[in-house]
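Chemist: Sharing a structure here in structure tokens format.
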Amino acid sequence: MKYLVKKTLLTFLYYLFRFFPVKSNKIFVSNFYGKGYGDIPKYIVNELLVSNNKYDIVWVVKDYSFSSTLPSSVRVVKRNTIKYVYEQVTSRVWIDNCRKQFYERKRKNQTYIQVWHGCIAYKKVEKSAETSLNKEYLLGAKNDSKMANLFISNSTYCSNLYRRDFWYNGEILECGCPRNDIIINKKHEVINNVKKYFKLDDYDQICLYAPTFRVENSFEHYDINFELLSKSLHNKFGGKWKILVRLHPNISQYAYKITNLGSNIINATDYPDMQELLVAANFMITDYSSCIFDYSLSYKPAMIFASDIDEYTKDRDFAIKIEDTPFPLATNNDELVNVINNFDEKSYKKKVKAFYDNLGVKEPGNSSKTIANYIDKICKNEGK
């Protein structure tokens, strides 16, 4: 009952606050329903901040503990509060990488840019996964697409996905994914910062293990033999290897279950920016996480370790089948060693290029700037 009353009040406020004017330079930004400074919205805001703070940027947080990750020039507002509605209703531009709630309402003179949080992904989403989504989410998703003025895409594949599964027929800007600019541009200082954060030596090699979560939050299938992994990487590529483990946010509190296995196993779950870890890594292992598609834009070695692939396929189903990707698959530790020992980097790079060519991927490395320019025109009343 309390939740219902709160939603009713917030819905009323979306109309009440329309008595206040929209501020032409105000931008309302949300990342994963109120998480800290990260993902695609972070890189767009970074570019906007280059323009001498002429924007009033409001970042949504689910609690104020996330405020410490934000630039000092960015204001914060707590999600689902009266102030949250006021800031949203009076902002010229909205940016979000997740769906708005079904009762949120946009005004005619506001522009909503939906950047989503996955460009290319294994798992089926939205309409293709409709039977596994709850009614409230579906109402929100359809309302979100109805409000959106622009979707951001990095490929023909992604654009077609929006048309097919997102209940969306509006404008799509195929300009690349802003969070991937850092991968395309390969900033050396990012690697140094990551190594400094984890107290690694300059000569340390990094293997990033970033599996997704299971519905039951089970750890049964995160059964890599890390000692054998380190030895195999050393034998194949040389150097001293550290294993950074990055768990999905849904199970981040359980990271100690894996990272207490040895001195070379480091918990990277709480590191604030996943893309920086992708830049710093020399080798990557995941199961069904879409981060491998961002990582492989660098053409660095990557593989899949998935001991429950048959079970997982039945549970979630795939939009892109693992066997259709360029990434070698291991379902147990013996196969893991075999994949690493026989890893052919030249062949792998050719397969990665062919894969992205087939999907029509566009990652020029300046996506953030393209979107910032788009927003600048909007705020100057030169756009929608």
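Letters A, B, ... mark the chains of the structure tokens in the order given; residue numbers begin at 1 per chain; ligand numbers begin at 1, in order shown.
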Tell me which protein, DNA and RNA residues are within 9 Å of A:Ile120, counting only C-alpha atoms, leaving out same-chain ones fewer than 6 positions away, and put them as a list in words.
Modeler: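 My list of contacting residues is Asn154, Ser155, Tyr157, Cys158, Ser290, Cys291, Phe293, Asp294 and Ile320 of chain A.
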Chemist: Mind writing the picked residues with C-alpha atoms as a CSV table (one decimal), in the first residue's frame?
Modeler:
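Okay, this is what ended up in again-v5.csv:
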```csv
chain,number,residue,atom,x,y,z
A,154,ASN,CA,27.0,1.0,-32.7
A,155,SER,CA,26.0,-1.3,-35.5
A,157,TYR,CA,22.8,-5.3,-35.8
A,158,CYS,CA,22.0,-3.1,-32.8
A,290,SER,CA,28.3,-8.9,-23.4
A,291,CYS,CA,31.4,-7.2,-22.1
A,293,PHE,CA,32.0,-7.7,-27.4
A,294,ASP,CA,33.4,-4.4,-26.1
A,320,ILE,CA,23.7,-14.7,-30.8
```
Chemist: If DSSP is run on the backbone, what residues of stretch 132-173 of chain A are alpha helix (DSSP H)? A reply as a count of residues only would be ideal.
Modeler: 23
Chemist: From a DSSP pass on the backbone, collect the residues of stretch 97-244 of chain A flagged as strand (DSSP E or B) and hand them back as a ChimeraX atom specification.
Modeler: /A:111-114,123,150-153,155,171-174,204-209,240-244
Chemist: For C-alpha atoms, I'd like the residues from the last selection saved as a PDB file, in the first residue's frame.
Modeler:
```
ATOM      1  CA  THR A 111      14.404  15.384 -25.545  1.00  0.00           C
ATOM      2  CA  TYR A 112      15.029  11.876 -24.243  1.00  0.00           C
ATOM      3  CA  ILE A 113      18.150  10.029 -25.420  1.00  0.00           C
ATOM      4  CA  GLN A 114      18.030   6.307 -24.659  1.00  0.00           C
ATOM      5  CA  LYS A 123      21.017 -12.967 -24.459  1.00  0.00           C
ATOM      6  CA  LEU A 150      16.712   9.005 -29.983  1.00  0.00           C
ATOM      7  CA  PHE A 151      18.373   5.611 -29.524  1.00  0.00           C
ATOM      8  CA  ILE A 152      22.160   5.264 -29.748  1.00  0.00           C
ATOM      9  CA  SER A 153      23.563   2.375 -31.793  1.00  0.00           C
ATOM     10  CA  SER A 155      25.972  -1.282 -35.493  1.00  0.00           C
ATOM     11  CA  GLU A 171      15.382   8.094 -34.764  1.00  0.00           C
ATOM     12  CA  ILE A 172      18.494   5.940 -34.301  1.00  0.00           C
ATOM     13  CA  LEU A 173      21.978   7.425 -34.383  1.00  0.00           C
ATOM     14  CA  GLU A 174      24.595   4.876 -35.496  1.00  0.00           C
ATOM     15  CA  ASP A 204      52.378  -7.769 -14.550  1.00  0.00           C
ATOM     16  CA  GLN A 205      50.008  -9.224 -17.123  1.00  0.00           C
ATOM     17  CA  ILE A 206      46.276  -9.047 -16.404  1.00  0.00           C
ATOM     18  CA  CYS A 207      43.694 -11.732 -17.080  1.00  0.00           C
ATOM     19  CA  LEU A 208      40.194 -10.383 -16.518  1.00  0.00           C
ATOM     20  CA  TYR A 209      37.580 -12.950 -15.505  1.00  0.00           C
ATOM     21  CA  LYS A 240      53.690 -12.949 -14.583  1.00  0.00           C
ATOM     22  CA  TRP A 241      49.885 -13.076 -14.517  1.00  0.00           C
ATOM     23  CA  LYS A 242      47.349 -11.608 -12.103  1.00  0.00           C
ATOM     24  CA  ILE A 243      43.695 -12.667 -12.305  1.00  0.00           C
ATOM     25  CA  LEU A 244      41.214  -9.825 -11.804  1.00  0.00           C
TER      26      LEU A 244
END
```
Chemist: To one decimal place in Å, what is the distance between atom CA of A:Val190 and atom CA of A:Ser298?
Modeler: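 Separation between atom CA of A:Val190 and atom CA of A:Ser298: 14.2 Å.
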Chemist: Quick one: everything within 9 Å of stretch 338-343 of chain A, counting only C-alpha atoms, minus sequence neighbours fewer than 5 positions away in the same chain. Send it as a tab-separated table (two decimals) with C-alpha atoms, in the first residue's frame.
Modeler:
```
chain	number	residue	atom	x	y	z
A	229	LEU	CA	44.92	-20.79	-15.57
A	232	SER	CA	48.77	-21.90	-18.79
A	233	LEU	CA	48.85	-18.17	-19.56
A	235	ASN	CA	53.43	-21.01	-20.65
A	236	LYS	CA	51.64	-19.59	-23.71
A	301	PRO	CA	42.75	-12.48	-26.86
A	303	MET	CA	37.64	-16.81	-24.66
A	328	PRO	CA	36.89	-20.21	-28.41
A	329	LEU	CA	34.81	-22.13	-25.85
A	330	ALA	CA	35.88	-24.28	-22.90
A	333	ASN	CA	39.43	-26.86	-16.98
A	348	TYR	CA	41.52	-15.01	-33.90
```
Chemist: Please identify all polymer residues within 10 Å of A:Tyr271, counting only C-alpha atoms, omitting same-chain residues fewer than 2 positions from it, and present them as a list of chain:residue names.
Modeler: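 Listed by chain and then number, they are A:Val194, A:Tyr197, A:Phe198, A:Arg246, A:Asn267, A:Ala268, A:Thr269, A:Asp273, A:Met274, A:Glu276, A:Leu277.
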Chemist: For N, CA and C atoms, I'd like the residues from the last selection saved as an mmCIF file, in the first residue's frame.
Modeler:
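Writing done, so here's result-v5.cif:
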```cif
data_model
loop_
_atom_site.group_PDB
_atom_site.id
_atom_site.type_symbol
_atom_site.label_atom_id
_atom_site.label_comp_id
_atom_site.auth_asym_id
_atom_site.auth_seq_id
_atom_site.Cartn_x
_atom_site.Cartn_y
_atom_site.Cartn_z
ATOM 1 N N VAL A 194 44.948 1.657 -13.624
ATOM 2 C CA VAL A 194 44.411 0.374 -13.142
ATOM 3 C C VAL A 194 45.471 -0.389 -12.365
ATOM 4 N N TYR A 197 46.023 1.211 -9.002
ATOM 5 C CA TYR A 197 44.884 0.972 -8.108
ATOM 6 C C TYR A 197 45.000 -0.387 -7.430
ATOM 7 N N PHE A 198 45.410 -1.400 -8.206
ATOM 8 C CA PHE A 198 45.498 -2.756 -7.662
ATOM 9 C C PHE A 198 46.908 -3.110 -7.178
ATOM 10 N N ARG A 246 35.868 -9.907 -11.850
ATOM 11 C CA ARG A 246 34.832 -8.871 -11.859
ATOM 12 C C ARG A 246 33.466 -9.555 -11.926
ATOM 13 N N ASN A 267 40.088 -9.187 -6.332
ATOM 14 C CA ASN A 267 38.691 -8.787 -6.465
ATOM 15 C C ASN A 267 38.606 -7.423 -7.142
ATOM 16 N N ALA A 268 38.111 -7.393 -8.366
ATOM 17 C CA ALA A 268 37.957 -6.134 -9.107
ATOM 18 C C ALA A 268 36.488 -5.753 -9.255
ATOM 19 N N THR A 269 35.623 -6.397 -8.478
ATOM 20 C CA THR A 269 34.181 -6.193 -8.607
ATOM 21 C C THR A 269 33.764 -4.767 -8.297
ATOM 22 N N ASP A 273 34.898 1.496 -12.921
ATOM 23 C CA ASP A 273 34.662 1.586 -14.367
ATOM 24 C C ASP A 273 35.124 0.311 -15.063
ATOM 25 N N MET A 274 34.162 -0.472 -15.509
ATOM 26 C CA MET A 274 34.460 -1.727 -16.187
ATOM 27 C C MET A 274 35.283 -1.506 -17.454
ATOM 28 N N GLU A 276 37.593 0.576 -18.134
ATOM 29 C CA GLU A 276 39.020 0.744 -17.837
ATOM 30 C C GLU A 276 39.687 -0.607 -17.597
ATOM 31 N N LEU A 277 38.956 -1.536 -16.986
ATOM 32 C CA LEU A 277 39.495 -2.886 -16.797
ATOM 33 C C LEU A 277 39.675 -3.582 -18.149
#
```
Chemist: Could you name the residues that touch A:Ser65 at 12 Å or less, counting only C-alpha atoms, but leaving out those on the same chain fewer than 4 positions away, as a list in words?
Modeler: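 That gives Gly34, Lys35, Gly36, Tyr37, Val60, Val61, Thr69, Leu70, Val76, Val77 and Lys78 of chain A.
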Chemist: Restricting the output to N, CA and C atoms, write the selected residues as a tab-separated table (two decimals), in the first residue's frame.
Modeler:
```tsv
chain	number	residue	atom	x	y	z
A	34	GLY	N	20.30	4.50	-10.84
A	34	GLY	CA	20.85	5.25	-9.72
A	34	GLY	C	22.21	4.80	-9.24
A	35	LYS	N	22.96	4.10	-10.10
A	35	LYS	CA	24.32	3.70	-9.74
A	35	LYS	C	25.25	4.90	-9.88
A	36	GLY	N	26.50	4.69	-9.53
A	36	GLY	CA	27.49	5.76	-9.56
A	36	GLY	C	27.89	6.17	-10.97
A	37	TYR	N	28.98	6.90	-11.04
A	37	TYR	CA	29.43	7.51	-12.29
A	37	TYR	C	30.05	6.45	-13.18
A	60	VAL	N	21.38	11.05	-11.27
A	60	VAL	CA	20.50	10.32	-10.36
A	60	VAL	C	21.28	9.28	-9.57
A	61	VAL	N	21.07	9.23	-8.25
A	61	VAL	CA	21.67	8.19	-7.41
A	61	VAL	C	20.57	7.52	-6.58
A	69	THR	N	31.65	9.41	-6.34
A	69	THR	CA	32.24	9.03	-7.63
A	69	THR	C	32.03	10.08	-8.71
A	70	LEU	N	31.25	11.12	-8.40
A	70	LEU	CA	30.87	12.09	-9.42
A	70	LEU	C	31.81	13.28	-9.48
A	76	VAL	N	23.73	16.04	-7.76
A	76	VAL	CA	23.10	14.74	-7.57
A	76	VAL	C	21.68	14.92	-7.06
A	77	VAL	N	20.83	13.94	-7.39
A	77	VAL	CA	19.48	13.91	-6.87
A	77	VAL	C	19.14	12.45	-6.57
A	78	LYS	N	18.47	12.22	-5.47
A	78	LYS	CA	18.11	10.87	-5.08
A	78	LYS	C	16.89	10.39	-5.88
```
Chemist: Neighbouring residues of stretch 92-99 of chain A were defined as those with any atom within 7 Å, considering only C-alpha atoms; residues of the same chain fewer than 4 positions away were excluded. Please report them as a VMD selection string.
Modeler: chain A and resid 22 to 33 41 110 to 117 140 to 141 144 379
Chemist: What gap, in Å, lies between atom CA of A:Arg79 and atom CA of A:Thr11?
Modeler: 14.0 Å
Chemist: Name the residues in contact with A:Ala354 at a cut-off of 12 Å, using only C-alpha atoms, excluding same-chain residues fewer than 3 positions from it; report them as a PDB file with N, CA and C atoms, in the first residue's frame.
Modeler:
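What landed in around38.pdb:
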```pdb
ATOM      1  N   LEU A 297      36.945  -5.414 -29.319  1.00  0.00           N
ATOM      2  CA  LEU A 297      37.211  -4.323 -30.264  1.00  0.00           C
ATOM      3  C   LEU A 297      38.692  -3.977 -30.305  1.00  0.00           C
ATOM      4  N   TYR A 299      40.931  -6.330 -30.237  1.00  0.00           N
ATOM      5  CA  TYR A 299      41.526  -7.510 -30.863  1.00  0.00           C
ATOM      6  C   TYR A 299      42.468  -8.267 -29.932  1.00  0.00           C
ATOM      7  N   ASP A 324      28.705 -18.960 -33.080  1.00  0.00           N
ATOM      8  CA  ASP A 324      28.759 -18.013 -34.191  1.00  0.00           C
ATOM      9  C   ASP A 324      29.683 -16.826 -33.900  1.00  0.00           C
ATOM     10  N   THR A 325      30.298 -16.821 -32.746  1.00  0.00           N
ATOM     11  CA  THR A 325      31.219 -15.743 -32.372  1.00  0.00           C
ATOM     12  C   THR A 325      32.659 -16.206 -32.580  1.00  0.00           C
ATOM     13  N   PRO A 326      33.614 -15.291 -32.560  1.00  0.00           N
ATOM     14  CA  PRO A 326      35.013 -15.679 -32.784  1.00  0.00           C
ATOM     15  C   PRO A 326      35.721 -16.217 -31.546  1.00  0.00           C
ATOM     16  N   SER A 347      44.725 -15.964 -36.421  1.00  0.00           N
ATOM     17  CA  SER A 347      43.429 -16.476 -36.852  1.00  0.00           C
ATOM     18  C   SER A 347      42.294 -15.820 -36.076  1.00  0.00           C
ATOM     19  N   TYR A 348      42.524 -15.634 -34.773  1.00  0.00           N
ATOM     20  CA  TYR A 348      41.518 -15.011 -33.903  1.00  0.00           C
ATOM     21  C   TYR A 348      41.175 -13.598 -34.382  1.00  0.00           C
ATOM     22  N   LYS A 349      42.178 -12.802 -34.705  1.00  0.00           N
ATOM     23  CA  LYS A 349      41.951 -11.429 -35.153  1.00  0.00           C
ATOM     24  C   LYS A 349      41.156 -11.385 -36.459  1.00  0.00           C
ATOM     25  N   LYS A 350      41.442 -12.308 -37.347  1.00  0.00           N
ATOM     26  CA  LYS A 350      40.690 -12.384 -38.604  1.00  0.00           C
ATOM     27  C   LYS A 350      39.222 -12.697 -38.334  1.00  0.00           C
ATOM     28  N   LYS A 351      38.977 -13.617 -37.398  1.00  0.00           N
ATOM     29  CA  LYS A 351      37.601 -13.996 -37.062  1.00  0.00           C
ATOM     30  C   LYS A 351      36.854 -12.844 -36.405  1.00  0.00           C
ATOM     31  N   ASP A 357      32.405  -7.093 -39.034  1.00  0.00           N
ATOM     32  CA  ASP A 357      32.006  -6.669 -40.376  1.00  0.00           C
ATOM     33  C   ASP A 357      30.609  -7.192 -40.702  1.00  0.00           C
ATOM     34  N   ASN A 358      30.337  -8.418 -40.302  1.00  0.00           N
ATOM     35  CA  ASN A 358      29.047  -9.038 -40.571  1.00  0.00           C
ATOM     36  C   ASN A 358      27.911  -8.337 -39.825  1.00  0.00           C
ATOM     37  N   LEU A 359      28.211  -7.818 -38.628  1.00  0.00           N
ATOM     38  CA  LEU A 359      27.202  -7.124 -37.825  1.00  0.00           C
ATOM     39  C   LEU A 359      27.085  -5.643 -38.183  1.00  0.00           C
ATOM     40  N   GLY A 360      27.975  -5.176 -39.033  1.00  0.00           N
ATOM     41  CA  GLY A 360      27.949  -3.765 -39.419  1.00  0.00           C
ATOM     42  C   GLY A 360      28.347  -2.845 -38.289  1.00  0.00           C
ATOM     43  N   VAL A 361      29.374  -3.226 -37.530  1.00  0.00           N
ATOM     44  CA  VAL A 361      29.796  -2.453 -36.364  1.00  0.00           C
ATOM     45  C   VAL A 361      30.483  -1.156 -36.782  1.00  0.00           C
TER      46      VAL A 361
END
```
Chemist: Out of A:Lys127, A:Lys83, A:Lys62, A:Lys108, which residue has the shortest atom-to-atom distance to A:Ala319 when counting only C-alpha atoms?
Modeler: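 Once distances to A:Ala319 are computed over only C-alpha atoms, the minimum belongs to A:Lys127.
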Chemist: Could you work out how far atom CA of A:Asn143 lies from atom CA of A:Tyr15, giving the answer in Å with one decimal?
Modeler: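 Distance reported for this atom pair: 16.1 Å.
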